[in-house]
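Participant: Take a look at the following structure, please.
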Amino acid sequence: MVELTIPRPDDWHLHLRDGAMMEGVLPHTARDFARAIIMPNLVPPVVTSADAQAYRDRILAALPDGMRFTPLMTLYLTEGTDPEDVAAAHSSGLVTAVKLYPAGATTNSHSGVRSLDVVMPVLEKMAAIGMPLLIHGEVTDPAVDIFDREAVFIDTVLDPLRKRLPELRITLEHVTTSNGVDYVSDAQANLAASITTHHLMINRNAILVGGIKPHYYCLPVAKRESHRLALRKAATSGDARFFLGTDSAPHVDPLKECGCGCAGIFTAINTLSCLAHVFEEEGALDRLAAFASLNGPTWYGLAPNSETVTLVKRAEPVSWPAKIFTGDGPVTVFDPLLPIHWEVA
Ligand code: DOR
Ligand code: ZN
């Protein structure tokens, strides 16, 4: 038996949803993670500080007795966002960051941003107060191939934005390409990236070979193998600019298994088991703590958690439920498609 103890991890990109779905998924994250950055793409979205306060209260009310978990709130950037409301929400400690969804890029993004010019006063305010901007980095131009949308976003939106506002601290969320890894690695300052568990484990074949597999569909969509290998190299490098953001994004099965299935993969249950497997394969178990527990807090200006978790490698493969049953319906759990021997003790 092999054991690995690391500071209790945080999840720097998480979809908790609301209501019965939140009640179903929250305990799985709270079991393994101390804190998480909570995505604001509810219907309707979390736009104002009052929305964030109310959502935070609902999350804490849904937390089972005896569990400790800190939700780090975000605001959904719209073309009507008030810079002063954002600044007040940040200085009071209520809100950690602002999320930019290009309008139409993904689930519940229709209230997102069409023109960066319109939101410039908000971004300038954020740069002035050191508040991070979290970016879903994909263009929405229908003429751009879906597998190229991240790379094109970096060239045509992110790089010009960083040149226009170099003081703005930006997290390129769920980076999925070698282009993204290279761009973040080359940056001198004020840029970091989160990486999901599933993008370290699957490439686009998981979605498309042997029949269409909706439970491997997410956005940004998984790319070809060379990109997955670049992500694994970045995640296991120890480079402080790369950290875990699971993007665990539950949808009930009927909304995934249909003619127009939703994007999102639910990994909250087995993320740490899968990550230990990946880091062991890469000969980098000694750098799992950096990726899952240390680099994120450093970037967000927080102390790492003082509690620890221990991962144990079993002789036999470990298992978890194939689905969880929420009050909204069944949610399929990410299947990494290979035996995993690591479990949280
Ligand atoms: O796969 C995804 N699911 N990507 C996103 O950007 C949004 C998320 C969701 O909310 O379901
Ligand atoms: Zn997400």
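FYI, nothing fancy with the structure tokens labels: chains A, B, ... in order, residues from 1 per chain, ligands from 1 as they appear.
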What lies within 10 Å of Glu84 (chain A) using only C-alpha atoms, ignoring chain neighbours under 3 positions off, as a VMD selection string?
Facilitator: chain A and resid 81 87 to 90 121 to 122 125 to 126
Participant: Could you list, as a tab-separated table (two decimals) with all heavy atoms, in the first residue's frame, all protein and nucleic acid residues with an atom at most 7 Å from ligand 1, counting only C-alpha atoms and all ligand atoms?
Facilitator:
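Output below, filename out_10.tsv:
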chain	number	residue	atom	x	y	z
A	15	HIS	N	-19.07	24.01	-10.76
A	15	HIS	CA	-20.50	24.30	-10.95
A	15	HIS	C	-21.29	23.54	-9.89
A	15	HIS	O	-21.34	22.32	-9.91
A	15	HIS	CB	-20.96	23.87	-12.35
A	15	HIS	CG	-20.29	24.61	-13.45
A	15	HIS	ND1	-20.78	25.78	-13.96
A	15	HIS	CD2	-19.11	24.38	-14.09
A	15	HIS	CE1	-19.96	26.23	-14.91
A	15	HIS	NE2	-18.93	25.39	-14.99
A	41	ASN	N	-23.05	30.74	-13.49
A	41	ASN	CA	-23.95	30.60	-14.66
A	41	ASN	C	-25.24	29.86	-14.30
A	41	ASN	O	-25.60	28.87	-14.91
A	41	ASN	CB	-23.23	29.93	-15.85
A	41	ASN	CG	-22.78	28.51	-15.57
A	41	ASN	OD1	-22.53	28.15	-14.41
A	41	ASN	ND2	-22.65	27.71	-16.60
A	106	THR	N	-21.18	28.81	-24.09
A	106	THR	CA	-21.42	27.56	-23.37
A	106	THR	C	-22.74	27.62	-22.61
A	106	THR	O	-23.53	28.54	-22.82
A	106	THR	CB	-20.21	27.26	-22.43
A	106	THR	OG1	-20.38	25.95	-21.87
A	106	THR	CG2	-20.08	28.29	-21.32
A	107	THR	N	-22.95	26.67	-21.68
A	107	THR	CA	-24.19	26.58	-20.92
A	107	THR	C	-24.52	27.91	-20.24
A	107	THR	O	-23.70	28.46	-19.51
A	107	THR	CB	-24.04	25.49	-19.83
A	107	THR	OG1	-23.52	24.30	-20.43
A	107	THR	CG2	-25.36	25.19	-19.16
A	108	ASN	N	-25.74	28.40	-20.45
A	108	ASN	CA	-26.22	29.63	-19.81
A	108	ASN	C	-25.28	30.82	-19.98
A	108	ASN	O	-25.02	31.57	-19.04
A	108	ASN	CB	-26.48	29.41	-18.31
A	108	ASN	CG	-27.48	28.29	-18.09
A	108	ASN	OD1	-28.33	28.06	-18.95
A	108	ASN	ND2	-27.38	27.61	-16.98
A	136	HIS	N	-13.74	32.24	-19.81
A	136	HIS	CA	-14.03	31.09	-20.68
A	136	HIS	C	-13.46	31.45	-22.05
A	136	HIS	O	-14.04	32.26	-22.77
A	136	HIS	CB	-15.54	30.82	-20.75
A	136	HIS	CG	-15.86	29.61	-21.58
A	136	HIS	ND1	-16.35	28.43	-21.04
A	136	HIS	CD2	-15.71	29.37	-22.91
A	136	HIS	CE1	-16.50	27.54	-22.00
A	136	HIS	NE2	-16.13	28.08	-23.15
A	217	TYR	N	-18.75	14.81	-23.30
A	217	TYR	CA	-18.85	16.10	-24.00
A	217	TYR	C	-18.88	17.24	-22.98
A	217	TYR	O	-19.70	17.26	-22.06
A	217	TYR	CB	-20.12	16.14	-24.86
A	217	TYR	CG	-20.36	17.50	-25.47
A	217	TYR	CD1	-19.44	18.06	-26.34
A	217	TYR	CD2	-21.49	18.23	-25.14
A	217	TYR	CE1	-19.65	19.33	-26.88
A	217	TYR	CE2	-21.72	19.49	-25.68
A	217	TYR	CZ	-20.79	20.03	-26.54
A	217	TYR	OH	-20.99	21.28	-27.06
A	218	CYS	N	-17.97	18.17	-23.16
A	218	CYS	CA	-17.94	19.35	-22.31
A	218	CYS	C	-17.41	20.50	-23.17
A	218	CYS	O	-17.01	20.29	-24.32
A	218	CYS	CB	-17.00	19.14	-21.11
A	218	CYS	SG	-15.28	18.92	-21.59
A	219	LEU	N	-17.39	21.68	-22.62
A	219	LEU	CA	-16.81	22.84	-23.31
A	219	LEU	C	-15.80	23.53	-22.41
A	219	LEU	O	-16.11	23.73	-21.24
A	219	LEU	CB	-17.91	23.82	-23.73
A	219	LEU	CG	-18.80	23.34	-24.89
A	219	LEU	CD1	-20.00	24.25	-25.07
A	219	LEU	CD2	-17.99	23.25	-26.18
A	220	PRO	N	-14.64	23.88	-22.91
A	220	PRO	CA	-14.17	23.59	-24.25
A	220	PRO	C	-14.07	22.07	-24.46
A	220	PRO	O	-13.66	21.34	-23.56
A	220	PRO	CB	-12.78	24.24	-24.30
A	220	PRO	CG	-12.77	25.25	-23.19
A	220	PRO	CD	-13.68	24.71	-22.15
A	247	ASP	N	-14.04	22.04	-13.10
A	247	ASP	CA	-15.18	22.30	-14.00
A	247	ASP	C	-16.21	21.18	-13.88
A	247	ASP	O	-16.90	20.87	-14.85
A	247	ASP	CB	-14.72	22.48	-15.45
A	247	ASP	CG	-15.76	23.19	-16.30
A	247	ASP	OD1	-16.74	23.74	-15.74
A	247	ASP	OD2	-15.60	23.22	-17.53
A	249	ALA	N	-19.41	19.68	-13.73
A	249	ALA	CA	-20.59	20.41	-14.25
A	249	ALA	C	-21.74	19.42	-14.45
A	249	ALA	O	-21.93	18.87	-15.53
A	249	ALA	CB	-20.23	21.08	-15.57
A	250	PRO	N	-22.50	19.18	-13.37
A	250	PRO	CA	-23.55	18.16	-13.46
A	250	PRO	C	-24.73	18.61	-14.31
A	250	PRO	O	-25.18	19.75	-14.23
A	250	PRO	CB	-23.97	17.99	-11.99
A	250	PRO	CG	-23.66	19.31	-11.34
A	250	PRO	CD	-22.42	19.81	-12.04
A	251	HIS	N	-25.20	17.68	-15.12
A	251	HIS	CA	-26.49	17.80	-15.82
A	251	HIS	C	-27.20	16.47	-15.62
A	251	HIS	O	-26.56	15.42	-15.63
A	251	HIS	CB	-26.29	18.02	-17.32
A	251	HIS	CG	-25.65	19.32	-17.69
A	251	HIS	ND1	-26.36	20.49	-17.81
A	251	HIS	CD2	-24.36	19.64	-17.94
A	251	HIS	CE1	-25.53	21.47	-18.15
A	251	HIS	NE2	-24.31	20.98	-18.22
A	262	CYS	N	-26.39	18.59	-23.33
A	262	CYS	CA	-25.67	19.67	-22.65
A	262	CYS	C	-24.19	19.34	-22.50
A	262	CYS	O	-23.81	18.17	-22.38
A	262	CYS	CB	-26.24	19.88	-21.25
A	262	CYS	SG	-27.90	20.51	-21.24
A	263	ALA	N	-23.38	20.39	-22.43
A	263	ALA	CA	-21.94	20.24	-22.18
A	263	ALA	C	-21.70	20.18	-20.68
A	263	ALA	O	-22.26	20.99	-19.93
A	263	ALA	CB	-21.20	21.44	-22.77
A	264	GLY	N	-20.84	19.27	-20.25
A	264	GLY	CA	-20.48	19.24	-18.84
A	264	GLY	C	-20.21	17.82	-18.39
A	264	GLY	O	-20.92	16.89	-18.79
A	265	ILE	N	-19.19	17.64	-17.56
A	265	ILE	CA	-18.78	16.34	-17.05
A	265	ILE	C	-18.73	16.44	-15.53
A	265	ILE	O	-18.14	17.38	-14.99
A	265	ILE	CB	-17.41	15.93	-17.63
A	265	ILE	CG1	-17.48	15.87	-19.16
A	265	ILE	CG2	-16.95	14.60	-17.05
A	265	ILE	CD1	-16.19	15.45	-19.84
Participant: Would you return as a PyMOL selection string the members of region 114-319 of chain A that DSSP assigns to helix (DSSP H, G or I) on this structure's backbone?
Facilitator: chain A and resi 116-129+146-164+178-186+198-201+205-208+214-216+225-235+253-256+271-281+285-300
Participant: Can you write out as CSV which residues of region 234-320 of chain A fall within 8 Å of region 183-201 of chain A, alongside each residue's closest atom pair and its distance in Å to one decimal, counting only C-alpha atoms and ordering rows by chain and ascending residue number?
Facilitator:
residue,atom,partner,partner_atom,distance
A:Ala235,CA,A:Ile195,CA,7.2
A:Arg241,CA,A:Ala192,CA,4.5
A:Phe242,CA,A:Ala193,CA,5.2
A:Phe243,CA,A:Ser194,CA,5.0
A:Leu244,CA,A:Ile195,CA,5.3
A:Gly245,CA,A:Ser194,CA,5.1
A:Thr246,CA,A:Thr196,CA,4.3
A:Asp247,CA,A:Thr196,CA,6.1
A:Ile265,CA,A:His198,CA,7.8
A:Thr267,CA,A:Thr197,CA,7.5
A:Thr271,CA,A:Thr197,CA,6.2
A:Cys274,CA,A:Thr197,CA,7.1
A:Leu275,CA,A:Thr197,CA,6.5
A:Val278,CA,A:Leu200,CA,7.4
A:Trp299,CA,A:Ala192,CA,7.6
Participant: Calculate how many Å separate CA of Met67 (chain A) from CA of Ser49 (chain A), rounding to one decimal.
Facilitator: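 CA of Ser49 (chain A) lies 25.4 Å from CA of Met67 (chain A).
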Participant: Within 10 Å of region 312-325 of chain A, counting only C-alpha atoms, which residues show up once you throw out same-chain ones fewer than 2 positions away? Write them as a ChimeraX atom specification, please.
Facilitator: /A:1-5,21,24-25,252-253,266,269-270,273,276-277,309-310,327-335,338-345
Participant: Check the DSSP output for the backbone and give back, as JSON, numbers by chain, the residues of region 92-172 of chain A in strand (DSSP E).
Facilitator: {"A": [95, 96, 97, 98, 99, 100, 133, 134, 135, 170, 171, 172]}
Participant: Pick the closest to ligand 2 from A:Arg17, A:Arg149, A:Arg35, A:His174: which is it, counting only C-alpha atoms and all ligand atoms?
Facilitator: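 Closest candidate: A:His174.
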Participant: Which residue, A:Leu161, A:Ala54, A:Leu100, A:Val46, has the smallest gap to ligand 2 when you use only C-alpha atoms and all ligand atoms?
Facilitator: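 Residue with the minimum atom-to-atom distance to ligand 2: A:Leu100.
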Participant: CA of Leu172 (chain A) and CA of Gly261 (chain A), how far apart in Å?
Facilitator: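 Rounded to one decimal, the two atoms are 25.0 Å apart.
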Participant: Could you work out how far CA of Ser178 (chain A) lies from CA of Ser115 (chain A), giving the answer in Å with one decimal?
Facilitator: 26.5 Å
Participant: Need to verify the contact set: Tyr55 (chain A), 10 Å, only C-alpha atoms, exclusion of same-chain residues closer than 5 positions in sequence. Can you return it as JSON, numbers by chain?
Facilitator: {"A": [17, 18, 38, 40, 42, 46, 49, 50, 60, 61, 71, 73]}
Participant: When you look at Asp117 (chain A) with a cut-off of 12 Å (counting only C-alpha atoms), what residues show up, excluding the ones that are within fewer than 4 positions of it in the same chain? I need them as a VMD selection string.
Facilitator: chain A and resid 78 to 79 113 121 to 124 157 160 to 161 164 to 165
Participant: Hey, can you spit out that residue selection with C-alpha atoms as a CSV table (one decimal), in the first residue's frame?
Facilitator:
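After the write, selection-v1.csv holds the following:
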chain,number,residue,atom,x,y,z
A,78,THR,CA,-22.8,41.2,-18.3
A,79,GLU,CA,-22.8,44.3,-20.5
A,113,VAL,CA,-20.3,39.6,-23.2
A,121,PRO,CA,-15.0,50.2,-17.3
A,122,VAL,CA,-15.5,47.1,-15.2
A,123,LEU,CA,-12.2,45.5,-16.3
A,124,GLU,CA,-10.3,48.8,-15.6
A,157,VAL,CA,-9.3,38.4,-27.8
A,160,PRO,CA,-5.2,42.1,-27.3
A,161,LEU,CA,-7.0,42.4,-23.9
A,164,ARG,CA,-4.6,46.9,-23.5
A,165,LEU,CA,-4.9,46.2,-19.7
Participant: Which residue, A:Lys256, A:Lys163, A:Arg224, A:Lys99, has the smallest gap to ligand 2 when you use only C-alpha atoms and all ligand atoms?
Facilitator: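 Smallest separation from ligand 2 among the options: A:Lys99.
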Participant: Hey, what's within 7 Å of region 7-9 of chain A if we count only C-alpha atoms and toss same-chain stuff fewer than 3 positions away? As a PDB file with N, CA, C and O atoms, in the first residue's frame, please?
Facilitator:
ATOM      1  N   PHE A  33     -12.725  18.711  -0.731  1.00  0.00           N
ATOM      2  CA  PHE A  33     -12.164  20.052  -0.976  1.00  0.00           C
ATOM      3  C   PHE A  33     -12.554  20.999   0.150  1.00  0.00           C
ATOM      4  O   PHE A  33     -13.674  20.958   0.652  1.00  0.00           O
ATOM      5  N   ALA A  34     -11.622  21.894   0.492  1.00  0.00           N
ATOM      6  CA  ALA A  34     -11.913  22.886   1.534  1.00  0.00           C
ATOM      7  C   ALA A  34     -12.667  24.086   0.979  1.00  0.00           C
ATOM      8  O   ALA A  34     -13.531  24.648   1.638  1.00  0.00           O
ATOM      9  N   ALA A 289       0.548  17.980  -4.848  1.00  0.00           N
ATOM     10  CA  ALA A 289       0.185  19.024  -3.871  1.00  0.00           C
ATOM     11  C   ALA A 289       0.264  20.412  -4.503  1.00  0.00           C
ATOM     12  O   ALA A 289      -0.603  21.260  -4.267  1.00  0.00           O
ATOM     13  N   ALA A 292      -2.906  20.687  -6.887  1.00  0.00           N
ATOM     14  CA  ALA A 292      -4.251  20.600  -6.290  1.00  0.00           C
ATOM     15  C   ALA A 292      -4.425  21.447  -5.034  1.00  0.00           C
ATOM     16  O   ALA A 292      -5.553  21.777  -4.666  1.00  0.00           O
ATOM     17  N   SER A 293      -3.309  21.802  -4.380  1.00  0.00           N
ATOM     18  CA  SER A 293      -3.443  22.401  -3.045  1.00  0.00           C
ATOM     19  C   SER A 293      -2.667  23.695  -2.826  1.00  0.00           C
ATOM     20  O   SER A 293      -2.965  24.410  -1.873  1.00  0.00           O
ATOM     21  N   ASN A 305      -4.622  25.375   2.722  1.00  0.00           N
ATOM     22  CA  ASN A 305      -5.363  24.804   3.848  1.00  0.00           C
ATOM     23  C   ASN A 305      -4.405  24.100   4.796  1.00  0.00           C
ATOM     24  O   ASN A 305      -3.467  23.436   4.360  1.00  0.00           O
ATOM     25  N   SER A 306      -4.673  24.253   6.094  1.00  0.00           N
ATOM     26  CA  SER A 306      -3.783  23.598   7.062  1.00  0.00           C
ATOM     27  C   SER A 306      -4.164  22.135   7.269  1.00  0.00           C
ATOM     28  O   SER A 306      -3.325  21.314   7.644  1.00  0.00           O
ATOM     29  N   GLU A 307      -5.417  21.768   6.986  1.00  0.00           N
ATOM     30  CA  GLU A 307      -5.799  20.354   7.075  1.00  0.00           C
ATOM     31  C   GLU A 307      -5.173  19.590   5.906  1.00  0.00           C
ATOM     32  O   GLU A 307      -4.727  20.199   4.931  1.00  0.00           O
ATOM     33  N   THR A 308      -5.186  18.276   6.004  1.00  0.00           N
ATOM     34  CA  THR A 308      -4.607  17.456   4.934  1.00  0.00           C
ATOM     35  C   THR A 308      -5.626  16.412   4.461  1.00  0.00           C
ATOM     36  O   THR A 308      -6.629  16.167   5.139  1.00  0.00           O
ATOM     37  N   VAL A 309      -5.366  15.825   3.306  1.00  0.00           N
ATOM     38  CA  VAL A 309      -6.060  14.597   2.912  1.00  0.00           C
ATOM     39  C   VAL A 309      -4.997  13.564   2.569  1.00  0.00           C
ATOM     40  O   VAL A 309      -3.901  13.911   2.117  1.00  0.00           O
TER      41      VAL A 309
END
Participant: Kindly indicate which residue among A:Glu173, A:Asp148, A:Glu225, A:Asp85 lies nearest to Thr48 (chain A), using only C-alpha atoms for the distances.
Facilitator: A:Asp85
Participant: List the spatial neighbours of region 205-207 of chain A as a PyMOL selection string - criterion: any atom at most 8 Å away, only C-alpha atoms, same-chain residues fewer than 4 positions off excluded.
Facilitator: chain A and resi 211-217+224
